[in-house]
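Following: one structure in structure tokens, then a few remarks.
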Amino acid sequence: MKRKEDVITWDEYFMGVAHLSALRSKDPSTRVGAVIVDPNKKIIGIGYNGFPIGVSDDVNPWEREGDFVNSKYAYVVHAELNAILNAPTQVRGCSLYVSLFPCNECAKAIIQSGIKEIVYEDDKYADTDAVIVSKKMLEEAGVKIRKTQHKVVLSLSHA
């Protein structure tokens, strides 16, 4: 019997896991997932954008507009930071797969944690100050940035 040839690539696999993780996010406007992979292609951290443990996502705001205290931006932990914090070990030298290009705050955490590569799918906020600064810092710090050539589409239905 011959082995299967129609397998997905590592990029498709890890980005698929990032998208699956994003489905845990309750954010009504943007769901983001992130996966940290070590040099041996082992997943060591997963995250999605959501509120910190113990902070109610039923009581606190999900709004994008309005003052800071009454918007989601004061509360939400981004997928990248959650993946770093959820890793049971150091992430130095690892790759980060993320469905949306990281903001400047996440870039700082990525650089400080020693992640060496970012593989991303979407860059819809490329023209914002947060992403412009993010790219500048990541380049200065020598973090490799690579856009995946594959668009991952998950079709999951709830029974």
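Labeling convention for the structure tokens: chains A, B, ... as they appear, residues from 1 per chain, ligands from 1 in order of appearance.
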
So which residues touch segment 50-55 of chain A within 10 Å, counting only C-alpha atoms, skipping near sequence neighbours fewer than 5 positions away, as JSON, numbers by chain? {"A": [22, 24, 25, 26, 27, 31, 32, 60, 62, 72, 73, 74, 75, 76, 77, 78, 79, 82]}

Using DSSP on the backbone, list every residue of segment 47-117 of chain A that comes out as strand (DSSP E), and give them as a list in words.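 Those in segment 47-117 of chain A that DSSP calls strand (DSSP E) are Gly47, Tyr48, Ser95, Leu96, Tyr97, Val98, Ser99, Leu100 and Glu117 of chain A.
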
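Of the listed residues (A:Glu63, A:Lys124, A:Ile111, A:Glu105), A:Glu63 comes nearest to Ser29 of chain A; the distances count only C-alpha atoms.
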
Take atom CA of Asp6 of chain A and atom CA of Ile43 of chain A and report the distance between them in Å, one decimal. 22.2 Å

Could you check the closest approach to Pro61 of chain A for each of A:Val98, A:Pro28, A:Val7, A:Ala126 and tell me which residue wins, using only C-alpha atoms?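 Result for the nearest residue to Pro61 of chain A: A:Pro28.
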
With only C-alpha atoms as the counted atoms, please give the residues lying no more than 12 Å from Cys106 of chain A, apart from itself and same-chain residues fewer than 6 positions off, as a list in words.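 The neighbour list is Ala34, Asn49, Val77, His78, Ala79, Glu80, Leu81, Asn82, Ala83, Ile84, Leu85, Leu96, Val98, Leu100, Gln112, Ser113, Ile115, Ile118, Ala130, Val131, Val133, Ser134, Lys135, Met137 and Leu138 of chain A.
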
Can I get the selection written as a compact mmCIF listing (two decimals), in the first residue's frame, with N, CA, C and O atoms?
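For reference, again.txt as written:
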```txt
# COMPACT_ATOMS: atom_id res chain seq x y z
N ALA A 34 -3.53 31.80 18.22
CA ALA A 34 -2.08 31.73 18.11
C ALA A 34 -1.57 30.39 18.62
O ALA A 34 -2.13 29.83 19.56
N ASN A 49 -7.81 35.36 21.82
CA ASN A 49 -8.09 36.64 22.48
C ASN A 49 -9.31 36.51 23.38
O ASN A 49 -10.36 36.06 22.95
N VAL A 77 -6.91 40.01 26.70
CA VAL A 77 -5.55 39.54 26.51
C VAL A 77 -5.49 38.97 25.10
O VAL A 77 -6.30 38.12 24.73
N HIS A 78 -4.54 39.45 24.30
CA HIS A 78 -4.44 38.99 22.92
C HIS A 78 -3.96 37.54 22.83
O HIS A 78 -3.33 37.02 23.75
N ALA A 79 -4.28 36.91 21.71
CA ALA A 79 -3.96 35.50 21.49
C ALA A 79 -2.47 35.21 21.64
O ALA A 79 -2.09 34.19 22.24
N GLU A 80 -1.64 36.10 21.12
CA GLU A 80 -0.19 35.87 21.17
C GLU A 80 0.31 35.83 22.61
O GLU A 80 1.07 34.94 22.98
N LEU A 81 -0.12 36.80 23.41
CA LEU A 81 0.30 36.83 24.82
C LEU A 81 -0.26 35.63 25.57
O LEU A 81 0.44 35.02 26.39
N ASN A 82 -1.50 35.27 25.31
CA ASN A 82 -2.06 34.08 25.95
C ASN A 82 -1.26 32.83 25.60
O ASN A 82 -1.01 31.99 26.46
N ALA A 83 -0.84 32.70 24.34
CA ALA A 83 -0.04 31.53 23.95
C ALA A 83 1.29 31.50 24.69
O ALA A 83 1.72 30.45 25.17
N ILE A 84 1.92 32.67 24.83
CA ILE A 84 3.19 32.75 25.57
C ILE A 84 2.96 32.39 27.04
O ILE A 84 3.70 31.60 27.62
N LEU A 85 1.92 32.96 27.64
CA LEU A 85 1.65 32.71 29.05
C LEU A 85 1.18 31.28 29.32
O LEU A 85 1.41 30.74 30.40
N LEU A 96 5.90 31.35 16.10
CA LEU A 96 4.54 31.70 16.48
C LEU A 96 3.68 31.76 15.23
O LEU A 96 4.00 32.49 14.30
N VAL A 98 0.04 32.80 13.93
CA VAL A 98 -1.05 33.64 14.40
C VAL A 98 -1.91 34.05 13.21
O VAL A 98 -1.41 34.35 12.13
N LEU A 100 -3.77 36.71 12.82
CA LEU A 100 -3.77 38.14 12.54
C LEU A 100 -2.43 38.73 12.99
O LEU A 100 -1.95 38.41 14.08
N GLN A 112 10.62 39.85 23.75
CA GLN A 112 11.17 39.56 25.08
C GLN A 112 11.20 38.07 25.39
O GLN A 112 12.09 37.62 26.10
N SER A 113 10.24 37.32 24.87
CA SER A 113 10.19 35.88 25.16
C SER A 113 11.17 35.08 24.30
O SER A 113 11.39 33.90 24.57
N ILE A 115 10.91 34.47 20.91
CA ILE A 115 10.35 33.82 19.71
C ILE A 115 11.13 34.34 18.51
O ILE A 115 11.39 35.54 18.38
N ILE A 118 7.61 34.67 13.22
CA ILE A 118 6.16 34.82 13.22
C ILE A 118 5.65 34.43 11.85
O ILE A 118 6.14 34.94 10.83
N ALA A 130 -0.21 50.83 15.52
CA ALA A 130 0.19 49.68 16.34
C ALA A 130 0.94 48.63 15.51
O ALA A 130 1.93 48.05 15.98
N VAL A 131 0.50 48.39 14.30
CA VAL A 131 1.16 47.38 13.46
C VAL A 131 2.42 47.96 12.80
O VAL A 131 3.43 47.25 12.66
N VAL A 133 4.45 50.13 14.17
CA VAL A 133 5.46 50.06 15.23
C VAL A 133 5.86 48.62 15.50
O VAL A 133 7.04 48.31 15.70
N SER A 134 4.90 47.71 15.47
CA SER A 134 5.17 46.29 15.67
C SER A 134 6.20 45.79 14.66
O SER A 134 7.20 45.16 15.02
N LYS A 135 5.97 46.07 13.40
CA LYS A 135 6.89 45.61 12.34
C LYS A 135 8.27 46.23 12.51
O LYS A 135 9.28 45.55 12.30
N MET A 137 9.73 47.22 15.36
CA MET A 137 10.40 46.57 16.49
C MET A 137 10.84 45.14 16.14
O MET A 137 11.96 44.73 16.46
N LEU A 138 9.95 44.39 15.51
CA LEU A 138 10.27 43.00 15.16
C LEU A 138 11.46 42.93 14.22
O LEU A 138 12.34 42.08 14.37
```

If we count only C-alpha atoms, what is near Tyr97 of chain A at a cut-off of 9 Å, once residues fewer than 5 positions away on the same chain are taken out, given as a CSV table (one decimal) with all heavy atoms, in the first residue's frame?
```csv
chain,number,residue,atom,x,y,z
A,11,ASP,N,2.7,24.5,7.8
A,11,ASP,CA,2.1,25.8,7.9
A,11,ASP,C,0.6,25.7,7.9
A,11,ASP,O,-0.1,26.3,8.8
A,11,ASP,CB,2.5,26.7,6.7
A,11,ASP,CG,3.8,27.4,6.9
A,11,ASP,OD1,4.5,27.1,7.9
A,11,ASP,OD2,4.2,28.2,6.0
A,14,PHE,N,-0.4,24.1,11.5
A,14,PHE,CA,-0.3,25.0,12.6
A,14,PHE,C,-1.3,26.1,12.5
A,14,PHE,O,-1.8,26.6,13.5
A,14,PHE,CB,1.1,25.4,12.9
A,14,PHE,CG,2.0,24.3,13.2
A,14,PHE,CD1,3.2,24.1,12.5
A,14,PHE,CD2,1.7,23.4,14.3
A,14,PHE,CE1,4.1,23.0,12.9
A,14,PHE,CE2,2.5,22.3,14.6
A,14,PHE,CZ,3.7,22.2,13.9
A,15,MET,N,-1.5,26.7,11.3
A,15,MET,CA,-2.4,27.8,11.2
A,15,MET,C,-3.9,27.3,11.4
A,15,MET,O,-4.7,28.0,11.9
A,15,MET,CB,-2.3,28.4,9.8
A,15,MET,CG,-2.9,29.8,9.7
A,15,MET,SD,-2.3,31.0,10.9
A,15,MET,CE,-0.7,31.4,10.2
A,17,VAL,N,-4.6,24.9,13.5
A,17,VAL,CA,-4.8,24.9,15.0
A,17,VAL,C,-5.0,26.3,15.6
A,17,VAL,O,-5.8,26.5,16.5
A,17,VAL,CB,-3.5,24.2,15.6
A,17,VAL,CG1,-3.6,24.3,17.2
A,17,VAL,CG2,-3.4,22.8,15.2
A,18,ALA,N,-4.3,27.3,15.0
A,18,ALA,CA,-4.6,28.7,15.4
A,18,ALA,C,-6.0,29.1,15.2
A,18,ALA,O,-6.7,29.7,16.0
A,18,ALA,CB,-3.6,29.6,14.7
A,33,GLY,N,-6.4,33.5,16.9
A,33,GLY,CA,-5.8,32.4,17.5
A,33,GLY,C,-4.3,32.4,17.3
A,33,GLY,O,-3.8,32.9,16.3
A,34,ALA,N,-3.5,31.8,18.2
A,34,ALA,CA,-2.1,31.7,18.1
A,34,ALA,C,-1.6,30.4,18.6
A,34,ALA,O,-2.1,29.8,19.6
A,34,ALA,CB,-1.4,32.9,18.9
A,35,VAL,N,-0.5,29.9,18.0
A,35,VAL,CA,0.1,28.6,18.4
A,35,VAL,C,1.6,28.8,18.4
A,35,VAL,O,2.2,29.4,17.4
A,35,VAL,CB,-0.3,27.5,17.4
A,35,VAL,CG1,0.5,26.2,17.7
A,35,VAL,CG2,-1.8,27.3,17.3
A,36,ILE,N,2.3,28.4,19.4
A,36,ILE,CA,3.7,28.4,19.5
A,36,ILE,C,4.3,27.0,19.3
A,36,ILE,O,3.8,26.1,19.9
A,36,ILE,CB,4.2,29.0,20.9
A,36,ILE,CG1,3.7,30.4,21.1
A,36,ILE,CG2,5.7,28.9,21.0
A,36,ILE,CD1,4.0,30.9,22.5
A,37,VAL,N,5.2,26.9,18.3
A,37,VAL,CA,5.8,25.7,17.9
A,37,VAL,C,7.3,25.6,18.1
A,37,VAL,O,8.0,26.6,17.7
A,37,VAL,CB,5.4,25.4,16.4
A,37,VAL,CG1,6.0,24.1,15.9
A,37,VAL,CG2,3.9,25.5,16.2
A,80,GLU,N,-1.6,36.1,21.1
A,80,GLU,CA,-0.2,35.9,21.2
A,80,GLU,C,0.3,35.8,22.6
A,80,GLU,O,1.1,34.9,23.0
A,80,GLU,CB,0.6,37.0,20.4
A,80,GLU,CG,0.1,37.1,19.0
A,80,GLU,CD,-1.0,38.1,18.7
A,80,GLU,OE1,-1.9,38.3,19.6
A,80,GLU,OE2,-1.0,38.7,17.6
A,117,GLU,N,10.4,33.5,15.1
A,117,GLU,CA,9.7,33.7,13.8
A,117,GLU,C,8.2,33.8,14.0
A,117,GLU,O,7.7,33.2,14.9
A,117,GLU,CB,9.9,32.4,13.0
A,117,GLU,CG,9.2,32.4,11.7
A,117,GLU,CD,9.3,31.0,10.9
A,117,GLU,OE1,9.2,30.0,11.6
A,117,GLU,OE2,9.3,31.1,9.7
A,118,ILE,N,7.6,34.7,13.2
A,118,ILE,CA,6.2,34.8,13.2
A,118,ILE,C,5.7,34.4,11.8
A,118,ILE,O,6.1,34.9,10.8
A,118,ILE,CB,5.7,36.3,13.5
A,118,ILE,CG1,6.2,36.7,14.9
A,118,ILE,CG2,4.2,36.4,13.3
A,118,ILE,CD1,6.0,38.2,15.2
A,119,VAL,N,4.7,33.5,11.8
A,119,VAL,CA,4.0,33.1,10.6
A,119,VAL,C,2.6,33.6,10.8
A,119,VAL,O,1.9,33.2,11.7
A,119,VAL,CB,4.0,31.6,10.4
A,119,VAL,CG1,3.3,31.3,9.1
A,119,VAL,CG2,5.5,31.1,10.4
A,120,TYR,N,2.1,34.5,9.9
A,120,TYR,CA,0.8,35.1,10.0
A,120,TYR,C,0.0,34.9,8.8
A,120,TYR,O,0.6,34.6,7.7
A,120,TYR,CB,0.9,36.6,10.4
A,120,TYR,CG,1.4,37.4,9.3
A,120,TYR,CD1,0.5,38.1,8.5
A,120,TYR,CD2,2.8,37.6,9.0
A,120,TYR,CE1,0.9,38.9,7.4
A,120,TYR,CE2,3.2,38.4,8.0
A,120,TYR,CZ,2.3,39.0,7.2
A,120,TYR,OH,2.7,39.8,6.1
A,121,GLU,N,-1.3,35.1,8.9
A,121,GLU,CA,-2.2,34.9,7.7
A,121,GLU,C,-2.7,36.2,7.3
A,121,GLU,O,-2.7,36.6,6.1
A,121,GLU,CB,-3.3,34.0,8.1
A,121,GLU,CG,-4.2,33.7,6.9
A,121,GLU,CD,-5.3,32.7,7.3
A,121,GLU,OE1,-6.3,33.1,8.0
A,121,GLU,OE2,-5.1,31.5,7.0
```

Mind checking which residues fall within 10 Å of Ile132 of chain A, counting only C-alpha atoms, ignoring those fewer than 6 positions away in the same chain, and posting them as a count of residues only? 4

Among chain A, which residues carry a DSSP assignment of helix (DSSP H, G or I), reported as a count of residues only? 50

In Å, with one decimal, what is the gap from atom CA of Lys144 of chain A to atom CA of Pro102 of chain A?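 Separation of atom CA of Lys144 of chain A and atom CA of Pro102 of chain A: 13.0 Å.
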
Correct to one decimal, the distance atom CA of Gly93 of chain A-atom CA of Lys42 of chain A is 12.5 Å

Taking into account only C-alpha atoms, which residue in the set A:Ala107, A:Arg3, A:His19, A:Asp57 is nearest to Lys136 of chain A? A:Ala107

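Distance annotation: of A:Leu20, A:Val69, A:Ala141, A:Ala87, the residue with the minimal separation from Tyr48 of chain A is A:Leu20; atom set is only C-alpha atoms.
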
Which residue of A:Ser71, A:Thr128, A:Ser95, A:Ser21 approaches Gly47 of chain A most closely, using only C-alpha atoms: A:Ser21

Rank nothing, just name the residue among A:Lys108, A:Gly16, A:Val143, A:Ile44 nearest to Gln90 of chain A, using only C-alpha atoms.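 Answer, going by the shortest atom-to-atom distance: A:Ile44.
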